[in-house]
$ cat target_30.txt   # compact mmCIF, C-alpha atoms
# COMPACT_ATOMS: atom_id res chain seq x y z
CA MET A 8 -48.01 -2.64 -4.42
CA GLU A 9 -46.83 -5.53 -2.26
CA SER A 10 -43.59 -4.86 -0.38
CA LEU A 11 -40.47 -7.01 -0.71
CA ASP A 12 -40.88 -8.15 2.90
CA ASP A 13 -44.49 -9.22 2.28
CA TYR A 14 -43.50 -11.02 -0.89
CA LEU A 15 -40.76 -12.94 0.88
CA ALA A 16 -42.96 -13.78 3.87
CA LYS A 17 -45.70 -15.03 1.56
CA GLY A 18 -43.25 -17.06 -0.53
CA ALA A 19 -41.74 -18.79 2.49
CA VAL A 20 -42.51 -22.44 3.11
CA GLY A 21 -42.60 -22.52 6.87
CA ASP A 22 -39.67 -20.17 7.48
CA LEU A 23 -37.68 -21.35 4.45
CA VAL A 24 -37.49 -19.15 1.38
CA PRO A 25 -36.84 -21.24 -1.74
CA TRP A 26 -34.25 -20.10 -4.28
CA SER A 27 -37.00 -19.61 -6.91
CA VAL A 28 -38.69 -17.04 -4.65
CA GLN A 29 -35.34 -15.32 -4.00
CA VAL A 30 -34.79 -15.02 -7.77
CA SER A 31 -38.28 -13.74 -8.55
CA ALA A 32 -37.97 -11.22 -5.69
CA MET A 33 -34.78 -9.90 -7.30
CA GLU A 34 -36.61 -9.41 -10.59
CA MET A 35 -39.83 -7.96 -9.19
CA PHE A 36 -38.19 -5.52 -6.80
CA SER A 37 -35.03 -4.81 -8.83
CA CYS A 38 -32.80 -5.89 -5.97
CA SER A 39 -29.44 -7.64 -5.95
CA CYS A 40 -29.23 -11.21 -4.77
CA ALA A 41 -27.36 -10.00 -1.67
CA GLU A 42 -30.07 -7.46 -0.83
CA VAL A 43 -32.76 -10.14 -1.02
CA GLU A 44 -30.73 -12.59 1.09
CA GLU A 45 -30.17 -9.91 3.73
CA ARG A 46 -33.93 -9.10 3.80
CA ILE A 47 -34.83 -12.77 4.16
CA LEU A 48 -32.49 -13.20 7.11
CA SER A 49 -33.55 -9.89 8.67
CA LEU A 50 -37.16 -11.14 8.63
CA ASN A 51 -35.95 -14.14 10.64
CA LEU A 52 -36.60 -16.32 7.61
CA LEU A 53 -33.96 -18.60 6.12
CA PRO A 54 -32.88 -18.97 2.50
CA ALA A 55 -33.68 -22.64 1.89
CA ARG A 56 -30.05 -23.33 0.96
CA TYR A 57 -29.13 -23.00 4.64
CA GLN A 58 -31.73 -25.42 6.03
CA ARG A 59 -29.07 -28.00 6.92
CA ASN A 60 -27.05 -25.34 8.74
CA ARG A 61 -29.82 -24.51 11.13
CA GLN A 62 -29.17 -27.02 13.89
CA THR A 63 -25.60 -25.71 13.98
CA ILE A 64 -26.15 -22.05 13.12
CA SER A 65 -29.25 -20.13 14.18
CA THR A 66 -30.97 -17.75 11.77
CA SER A 67 -29.63 -14.75 13.70
CA ALA A 68 -26.11 -16.22 13.50
CA GLN A 69 -26.69 -16.83 9.79
CA LEU A 70 -27.45 -13.11 9.43
CA ARG A 71 -24.23 -12.28 11.28
CA LEU A 72 -22.29 -14.50 8.90
CA PHE A 73 -23.96 -12.84 5.94
CA ARG A 74 -22.98 -9.38 7.18
CA SER A 75 -19.38 -10.45 7.83
CA ARG A 76 -16.26 -9.89 5.79
CA VAL A 77 -13.42 -12.41 5.81
CA ALA A 78 -10.12 -11.97 3.98
CA VAL A 79 -8.51 -15.15 2.65
CA ILE A 80 -4.85 -14.57 1.89
CA GLY A 81 -3.67 -17.16 -0.61
CA CYS A 82 -6.09 -18.92 -2.94
CA GLY A 83 -4.27 -22.18 -3.66
CA GLY A 84 -4.54 -25.49 -1.80
CA LEU A 85 -5.85 -24.18 1.51
CA GLY A 86 -7.41 -20.97 0.20
CA GLY A 87 -9.56 -22.64 -2.46
CA TYR A 88 -11.26 -24.87 0.10
CA VAL A 89 -11.51 -22.01 2.59
CA VAL A 90 -13.25 -19.68 0.09
CA GLU A 91 -15.63 -22.43 -1.02
CA GLN A 92 -16.60 -23.43 2.49
CA LEU A 93 -17.01 -19.86 3.74
CA ALA A 94 -19.32 -19.14 0.79
CA ARG A 95 -21.39 -22.26 1.35
CA LEU A 96 -21.53 -21.44 5.06
CA GLY A 97 -23.08 -18.10 4.09
CA VAL A 98 -20.34 -15.56 4.86
CA GLY A 99 -21.51 -12.62 2.77
CA ASN A 100 -18.27 -10.82 1.92
CA LEU A 101 -15.06 -12.54 0.99
CA VAL A 102 -11.77 -11.03 -0.06
CA ALA A 103 -9.51 -13.38 -2.03
CA VAL A 104 -5.86 -12.45 -2.54
CA ASP A 105 -3.44 -14.39 -4.75
CA PRO A 106 -1.15 -13.28 -7.59
CA ASP A 107 -0.90 -16.69 -9.28
CA VAL A 108 -2.47 -18.47 -12.23
CA PHE A 109 -3.30 -22.19 -12.21
CA GLU A 110 -0.57 -24.57 -13.33
CA GLU A 111 -0.76 -28.26 -14.05
CA HIS A 112 0.84 -29.21 -10.74
CA ASN A 113 -2.10 -27.56 -8.93
CA LEU A 114 -4.62 -30.03 -10.38
CA ASN A 115 -3.92 -32.67 -7.72
CA ARG A 116 -5.41 -30.58 -4.94
CA GLN A 117 -6.56 -27.03 -5.65
CA LEU A 118 -10.33 -26.98 -5.63
CA PHE A 119 -10.86 -24.24 -8.21
CA SER A 120 -8.28 -25.63 -10.65
CA SER A 121 -9.37 -27.50 -13.77
CA ILE A 122 -7.96 -28.12 -17.22
CA ALA A 123 -10.00 -25.21 -18.54
CA GLU A 124 -8.54 -22.90 -15.86
CA LEU A 125 -4.87 -23.63 -16.57
CA GLY A 126 -3.03 -20.36 -17.11
CA LYS A 127 -5.90 -18.38 -15.60
CA SER A 128 -6.06 -16.37 -12.42
CA LYS A 129 -6.81 -18.26 -9.21
CA VAL A 130 -8.82 -15.42 -7.69
CA ALA A 131 -10.86 -14.98 -10.91
CA ALA A 132 -11.69 -18.70 -10.73
CA ALA A 133 -12.80 -18.19 -7.12
CA VAL A 134 -15.15 -15.39 -8.16
CA ALA A 135 -16.68 -17.50 -10.94
CA ARG A 136 -17.06 -20.56 -8.75
CA ILE A 137 -18.71 -18.71 -5.85
CA GLY A 138 -20.97 -16.88 -8.30
CA SER A 139 -22.22 -20.26 -9.49
CA ILE A 140 -22.84 -21.45 -5.91
CA ASN A 141 -24.36 -18.36 -4.34
CA PRO A 142 -24.50 -15.00 -6.11
CA ALA A 143 -25.52 -13.39 -2.81
CA VAL A 144 -21.93 -13.83 -1.62
CA SER A 145 -19.61 -11.06 -2.79
CA VAL A 146 -16.03 -12.07 -3.58
CA THR A 147 -13.57 -9.22 -3.99
CA ALA A 148 -10.60 -10.55 -5.94
CA HIS A 149 -7.10 -9.11 -5.72
CA ARG A 150 -4.66 -10.68 -8.17
CA ILE A 151 -1.64 -9.46 -6.27
CA ALA A 152 0.78 -10.77 -3.70
CA PHE A 153 0.10 -9.83 -0.09
CA THR A 154 2.89 -7.56 1.15
CA ALA A 155 3.66 -5.36 4.12
CA SER A 156 2.84 -2.30 2.01
CA ASN A 157 -0.56 -3.36 0.62
CA GLY A 158 -1.60 -5.51 3.58
CA ALA A 159 -3.56 -2.97 5.61
CA GLU A 160 -5.61 -1.98 2.58
CA LEU A 161 -6.39 -5.59 1.61
CA LEU A 162 -7.56 -6.42 5.12
CA GLN A 163 -9.72 -3.34 5.55
CA GLY A 164 -13.11 -4.19 7.04
CA ALA A 165 -12.27 -7.86 7.59
CA LEU A 166 -13.54 -9.30 10.86
CA VAL A 167 -11.30 -12.35 10.50
CA VAL A 168 -8.31 -13.11 8.29
CA VAL A 169 -7.35 -16.57 7.06
CA ASP A 170 -3.68 -17.33 6.48
CA ALA A 171 -3.63 -19.66 3.47
CA LEU A 172 -0.26 -18.46 2.21
CA ASP A 173 2.49 -20.72 0.93
CA ASN A 174 5.58 -19.07 2.35
CA ILE A 175 6.82 -18.25 5.80
CA PRO A 176 8.01 -14.63 5.37
CA ALA A 177 4.59 -13.58 4.05
CA ARG A 178 2.89 -15.44 6.91
CA LEU A 179 4.99 -13.50 9.42
CA GLU A 180 4.10 -10.20 7.70
CA LEU A 181 0.41 -11.11 7.68
CA SER A 182 0.46 -12.00 11.34
CA GLU A 183 2.11 -8.71 12.24
CA ILE A 184 -0.35 -6.64 10.18
CA CYS A 185 -3.34 -8.48 11.67
CA ASN A 186 -2.01 -7.62 15.10
CA ARG A 187 -1.53 -4.00 14.12
CA LEU A 188 -5.11 -3.83 12.82
CA GLY A 189 -6.53 -5.83 15.74
CA ILE A 190 -7.94 -8.63 13.56
CA PRO A 191 -7.97 -12.31 14.61
CA LEU A 192 -6.00 -14.56 12.27
CA VAL A 193 -6.65 -18.22 11.57
CA HIS A 194 -3.31 -19.69 10.58
CA GLY A 195 -2.90 -23.00 8.75
CA ALA A 196 0.05 -24.65 7.02
CA ILE A 197 0.59 -27.96 5.28
CA GLY A 198 3.26 -30.20 3.79
CA GLY A 199 2.84 -33.82 2.67
CA TRP A 200 0.80 -35.78 5.22
CA TYR A 201 1.34 -33.06 7.80
CA GLY A 202 -0.12 -29.77 8.81
CA HIS A 203 -0.90 -27.47 11.68
CA LEU A 204 -3.30 -24.73 12.57
CA ALA A 205 -3.84 -22.13 15.26
CA THR A 206 -5.95 -19.05 15.89
CA GLN A 207 -4.07 -15.90 16.78
CA PHE A 208 -5.95 -13.18 18.63
CA PRO A 209 -4.81 -9.56 18.49
CA GLY A 210 -1.81 -8.97 20.75
CA GLU A 211 -0.68 -12.59 20.60
CA GLU A 212 2.40 -13.66 18.67
CA LEU A 213 1.43 -17.18 17.85
CA VAL A 214 2.61 -17.30 14.25
CA LYS A 215 5.93 -15.72 15.18
CA SER A 216 6.26 -18.32 17.90
CA ILE A 217 5.49 -21.23 15.54
CA TYR A 218 8.24 -20.05 13.21
CA ARG A 219 10.72 -18.94 15.88
CA ASN A 220 13.33 -21.39 14.60
CA TRP A 221 12.88 -20.38 10.97
CA SER A 222 15.69 -18.49 9.28
CA ALA A 223 15.15 -18.95 5.54
CA GLY A 224 13.53 -21.20 2.98
CA LYS A 225 10.51 -23.43 3.00
CA GLY A 226 9.32 -26.28 5.21
CA VAL A 227 8.70 -29.97 4.51
CA GLU A 228 6.32 -29.02 1.68
CA GLN A 229 9.30 -28.30 -0.55
CA GLN A 230 10.44 -31.89 -0.33
CA LEU A 231 7.04 -33.60 0.15
CA GLY A 232 4.70 -31.47 -1.95
CA ASN A 233 1.02 -31.62 -0.99
CA PRO A 234 -1.51 -34.36 -1.76
CA SER A 235 -5.25 -33.75 -2.21
CA PHE A 236 -6.43 -34.48 1.31
CA THR A 237 -4.11 -32.45 3.55
CA PRO A 238 -5.26 -29.00 2.36
CA ALA A 239 -8.89 -30.12 2.55
CA VAL A 240 -8.51 -31.22 6.18
CA VAL A 241 -6.60 -28.18 7.43
CA ALA A 242 -8.74 -25.72 5.43
CA SER A 243 -11.92 -27.23 6.88
CA MET A 244 -10.57 -26.84 10.39
CA GLN A 245 -9.63 -23.22 9.65
CA VAL A 246 -13.18 -22.56 8.44
CA ALA A 247 -14.62 -24.05 11.64
CA GLU A 248 -12.47 -21.58 13.58
CA VAL A 249 -13.60 -18.66 11.39
CA CYS A 250 -17.23 -19.67 11.87
CA LYS A 251 -16.89 -19.63 15.66
CA LEU A 252 -15.12 -16.28 15.62
CA LEU A 253 -17.88 -14.73 13.50
CA ILE A 254 -20.86 -16.05 15.43
CA GLY A 255 -19.33 -15.58 18.85
CA GLU A 256 -18.74 -19.19 19.86
CA GLU A 257 -15.88 -19.14 22.29
CA ARG A 258 -14.22 -22.54 22.16
CA HIS A 259 -11.37 -21.50 19.90
CA LEU A 260 -8.01 -23.03 19.20
CA ARG A 261 -6.45 -20.29 21.29
CA GLY A 262 -3.01 -20.38 22.87
CA ARG A 263 -2.39 -23.80 21.39
CA ILE A 264 -1.27 -25.22 18.09
CA LEU A 265 -2.91 -28.30 16.65
CA SER A 266 -0.52 -30.43 14.60
CA LEU A 267 -1.83 -33.15 12.32
CA ASP A 268 -0.09 -36.25 11.05
CA LEU A 269 -2.47 -37.86 8.59
CA HIS A 270 -0.01 -40.69 7.97
CA ALA A 271 -0.05 -41.90 11.55
CA MET A 272 -3.56 -40.38 11.97
CA GLU A 273 -2.42 -38.49 15.04
CA PHE A 274 -3.29 -35.05 16.32
CA HIS A 275 -1.00 -33.26 18.77
CA GLU A 276 -1.67 -30.16 20.76
CA THR A 277 1.09 -27.75 21.74
CA GLY A 278 0.60 -25.01 24.30
CA VAL A 279 2.32 -21.68 23.77
CA MET B 25 18.37 -38.98 33.65
CA LYS B 26 15.71 -40.14 31.22
CA VAL B 27 14.11 -37.94 28.57
CA THR B 28 11.48 -39.27 26.19
CA VAL B 29 12.17 -37.97 22.71
CA LYS B 30 9.40 -38.02 20.12
CA LEU B 31 10.10 -37.23 16.50
CA PHE B 32 7.46 -36.31 13.97
CA ALA B 33 6.91 -36.54 10.26
CA THR B 34 10.13 -36.44 8.21
CA PHE B 35 12.34 -36.41 11.33
CA GLN B 36 11.46 -40.06 11.98
CA LYS B 37 13.17 -41.20 8.80
CA GLY B 38 16.50 -42.87 9.62
CA ARG B 39 16.03 -42.05 13.33
CA PHE B 40 13.09 -43.25 15.43
CA THR B 41 9.52 -42.36 16.37
CA VAL B 42 9.76 -42.36 20.14
CA GLU B 43 12.53 -43.37 22.53
CA ALA B 44 13.28 -43.02 26.22
CA ARG B 45 16.89 -41.82 26.12
CA GLU B 46 19.56 -41.35 28.74
CA TYR B 47 21.13 -37.87 29.06
CA PRO B 48 23.40 -36.12 31.54
CA GLN B 49 22.01 -33.45 33.88
CA GLY B 50 21.98 -29.95 32.48
CA ILE B 51 21.40 -30.93 28.88
CA ILE B 52 19.42 -28.43 26.79
CA VAL B 53 17.06 -29.00 23.85
CA ASP B 54 19.65 -27.69 21.40
CA ASP B 55 22.17 -30.38 22.46
CA ILE B 56 19.70 -33.15 21.63
CA ILE B 57 18.93 -31.58 18.25
CA THR B 58 22.68 -31.55 17.53
CA GLU B 59 23.03 -35.17 18.68
CA LEU B 60 20.15 -36.22 16.38
CA GLU B 61 21.71 -34.30 13.48
CA ILE B 62 18.52 -32.38 12.79
CA PRO B 63 19.33 -29.33 10.68
CA ARG B 64 18.38 -26.09 12.48
CA ASP B 65 16.72 -24.65 9.39
CA SER B 66 14.27 -27.57 9.23
CA LEU B 67 12.98 -27.11 12.79
CA GLY B 68 9.33 -26.30 13.38
CA ILE B 69 7.55 -26.64 16.69
CA VAL B 70 9.71 -27.91 19.55
CA MET B 71 7.85 -28.83 22.68
CA VAL B 72 8.67 -30.04 26.14
CA ASN B 73 5.76 -31.58 28.03
CA HIS B 74 3.30 -30.19 25.48
CA ARG B 75 4.61 -26.60 25.68
CA HIS B 76 6.39 -24.85 22.83
CA VAL B 77 9.91 -23.99 24.11
CA GLU B 78 13.12 -22.20 23.12
CA LEU B 79 16.11 -24.32 22.08
CA GLY B 80 17.99 -23.20 25.18
CA ARG B 81 15.47 -24.89 27.47
CA GLU B 82 17.14 -27.17 30.05
CA LEU B 83 15.63 -30.61 30.40
CA VAL B 84 14.99 -32.49 33.62
CA ASP B 85 14.45 -36.15 34.36
CA GLY B 86 11.11 -37.41 33.05
CA ASP B 87 10.61 -34.66 30.45
CA THR B 88 9.13 -35.44 27.07
CA LEU B 89 10.68 -33.59 24.15
CA ALA B 90 8.78 -33.54 20.85
CA ILE B 91 10.29 -32.17 17.66
CA PHE B 92 8.29 -31.29 14.55
CA PRO B 93 9.71 -30.25 11.20
CA LEU B 94 8.93 -26.86 9.72
CA VAL B 95 5.63 -26.81 7.82
CA GLY B 96 4.80 -23.75 5.76
CA GLY B 97 2.90 -24.80 2.64
CA GLY B 98 -0.54 -23.75 1.58

$ encode --input "target_30.txt" --output "structure tokens"
Amino acid sequence: MESLDDYLAKGAVGDLVPWSVQVSAMEMFSCSCAEVEERILSLNLLPARYQRNRQTISTSAQLRLFRSRVAVIGCGGLGGYVVEQLARLGVGNLVAVDPDVFEEHNLNRQLFSSIAELGKSKVAAAVARIGSINPAVSVTAHRIAFTASNGAELLQGALVVVDALDNIPARLELSEICNRLGIPLVHGAIGGWYGHLATQFPGEELVKSIYRNWSAGKGVEQQLGNPSFTPAVVASMQVAEVCKLLIGEERHLRGRILSLDLHAMEFHETGV
Amino acid sequence: MKVTVKLFATFQKGRFTVEAREYPQGIIVDDIITELEIPRDSLGIVMVNHRHVELGRELVDGDTLAIFPLVGGG
């Protein structure tokens, strides 16, 4: 009988393996979607869905992404876009953490929210959405709040962590736990027209430094709320940072904070 | 001495965006924040000449001080 590798190689058009071949391979060889995607990439072939990635991400880098695990802490405004973009990028293992259900005031910006999802779990919506985009991507959902006591367990195996939280004390906890576990953290925060992001490497105290003047309460987001575009912009920039960390590109947002003012359309860089 | 003060986002409201302001020698960042009546609990990144600094940082002639509000939403 023909092997899975032979079947995939024969089904490839050039080096692209169409989705229809991926699906029939799953059926013929009783494999999961993830197993077939991993085989395709290991053969130096490319699932056809990634053909527009290839001038940015090589097939070997695509395999690295597929074998990577990224934890996204918070699955609201930032986190929804982050999960979606990481999945479309081809990151194979995602961990989504958020205790909340969708409410009406999320509909203006949160990607996975919809009328049908009101009252339902944000992380469950993430699982369903990613399943409909690429079933080869595994999303592990935790419908709980990230805390100092469950943090290490939630982040286990993650190569990179994304801070998409909505409150400063939890962000400080997350940053500390990432440091303890030696995991790089891509921090992003938004409020109104404004936002900032930074990548914290193990041993650095970037997030603590950003919030050094904080004592209690929330930031400008409490007064300004968040429109549709600010989370999309900051989340996309966070995903670009995650991508570079995973594939070994070295031009990170390191030792500096990028602040965005989408009202004045200005970007400012702060060294730390 | 002259210090250029730049305010960002919500801090511009009722104040200014950027101004070259006159201050006495020895002034620290915290004094300017008091003068501008910016509540301490709303302070985010505070930078002098593009570096994030402590509020006790002493300013010198020609410095640029930039003050951002706290941003923590997701």

$ interface_residues --input "target_30.txt" --of "chain A" --to "chain B" --cutoff "8 Å" --atoms "all atoms listed in the file" --output "ChimeraX atom specification"
/A:81,83-86,171-175,195-198,200-203,217-229,233,238,268,276-279

$ atom_distance --input "target_30.txt" --atom1 "CA of Tyr88 in chain A" --atom2 "CA of Gly138 in chain A"
15.1 Å

$ closest_residue --input "target_30.txt" --among "A:Pro142, A:Val104, A:Pro209, A:Leu204" --to "Gly158 in chain A" --atoms "only C-alpha atoms"
A:Val104

$ atom_distance --input "target_30.txt" --atom1 "CA of Val102 in chain A" --atom2 "CA of Arg178 in chain A"
16.8 Å

$ closest_residue --input "target_30.txt" --among "B:Glu59, B:Thr28, B:Gly86, B:Asp54" --to "Val42 in chain B" --atoms "all atoms listed in the file"
B:Thr28

$ atom_distance --input "target_30.txt" --atom1 "CA of Leu53 in chain A" --atom2 "CA of His259 in chain A"
26.6 Å

$ axis_aligned_box --input "target_30.txt" --around "range 62-70 of chain B" --padding-each-side "3 Å" --output "JSON"
{"center_x": 13.4, "center_y": -28.5, "center_z": 14.4, "size_x": 17.8, "size_y": 13.7, "size_z": 16.3}

$ residues_around --input "target_30.txt" --residues "Ser121 in chain A" --least-positions-apart "3" --cutoff "10 Å" --atoms "only C-alpha atoms" --output "ChimeraX atom specification"
/A:109-111,113-115,117-118,124-125,127,132

$ write_last_selection --input "target_30.txt" --atoms "C-alpha atoms" --output "PDB file, in the frame of the given file"
ATOM      1  CA  PHE A 109      -3.300 -22.190 -12.210  1.00  0.00           C
ATOM      2  CA  GLU A 110      -0.570 -24.570 -13.330  1.00  0.00           C
ATOM      3  CA  GLU A 111      -0.760 -28.260 -14.050  1.00  0.00           C
ATOM      4  CA  ASN A 113      -2.100 -27.560  -8.930  1.00  0.00           C
ATOM      5  CA  LEU A 114      -4.620 -30.030 -10.380  1.00  0.00           C
ATOM      6  CA  ASN A 115      -3.920 -32.670  -7.720  1.00  0.00           C
ATOM      7  CA  GLN A 117      -6.560 -27.030  -5.650  1.00  0.00           C
ATOM      8  CA  LEU A 118     -10.330 -26.980  -5.630  1.00  0.00           C
ATOM      9  CA  GLU A 124      -8.540 -22.900 -15.860  1.00  0.00           C
ATOM     10  CA  LEU A 125      -4.870 -23.630 -16.570  1.00  0.00           C
ATOM     11  CA  LYS A 127      -5.900 -18.380 -15.600  1.00  0.00           C
ATOM     12  CA  ALA A 132     -11.690 -18.700 -10.730  1.00  0.00           C
TER      13      ALA A 132
END

$ closest_residue --input "target_30.txt" --among "A:Ala41, A:Pro54, A:Arg46, A:Gly255" --to "Ser10 in chain A" --atoms "all atoms listed in the file"
A:Arg46

$ closest_residue --input "target_30.txt" --among "A:His194, A:Arg71, A:Lys17, A:Arg136" --to "Ser182 in chain A" --atoms "only C-alpha atoms"
A:His194

$ residues_around --input "target_30.txt" --residues "Gly99 in chain A" --least-positions-apart "6" --cutoff "9 Å" --atoms "only C-alpha atoms" --output "PyMOL selection string"
chain A and resi 41+70-77+93+143-146
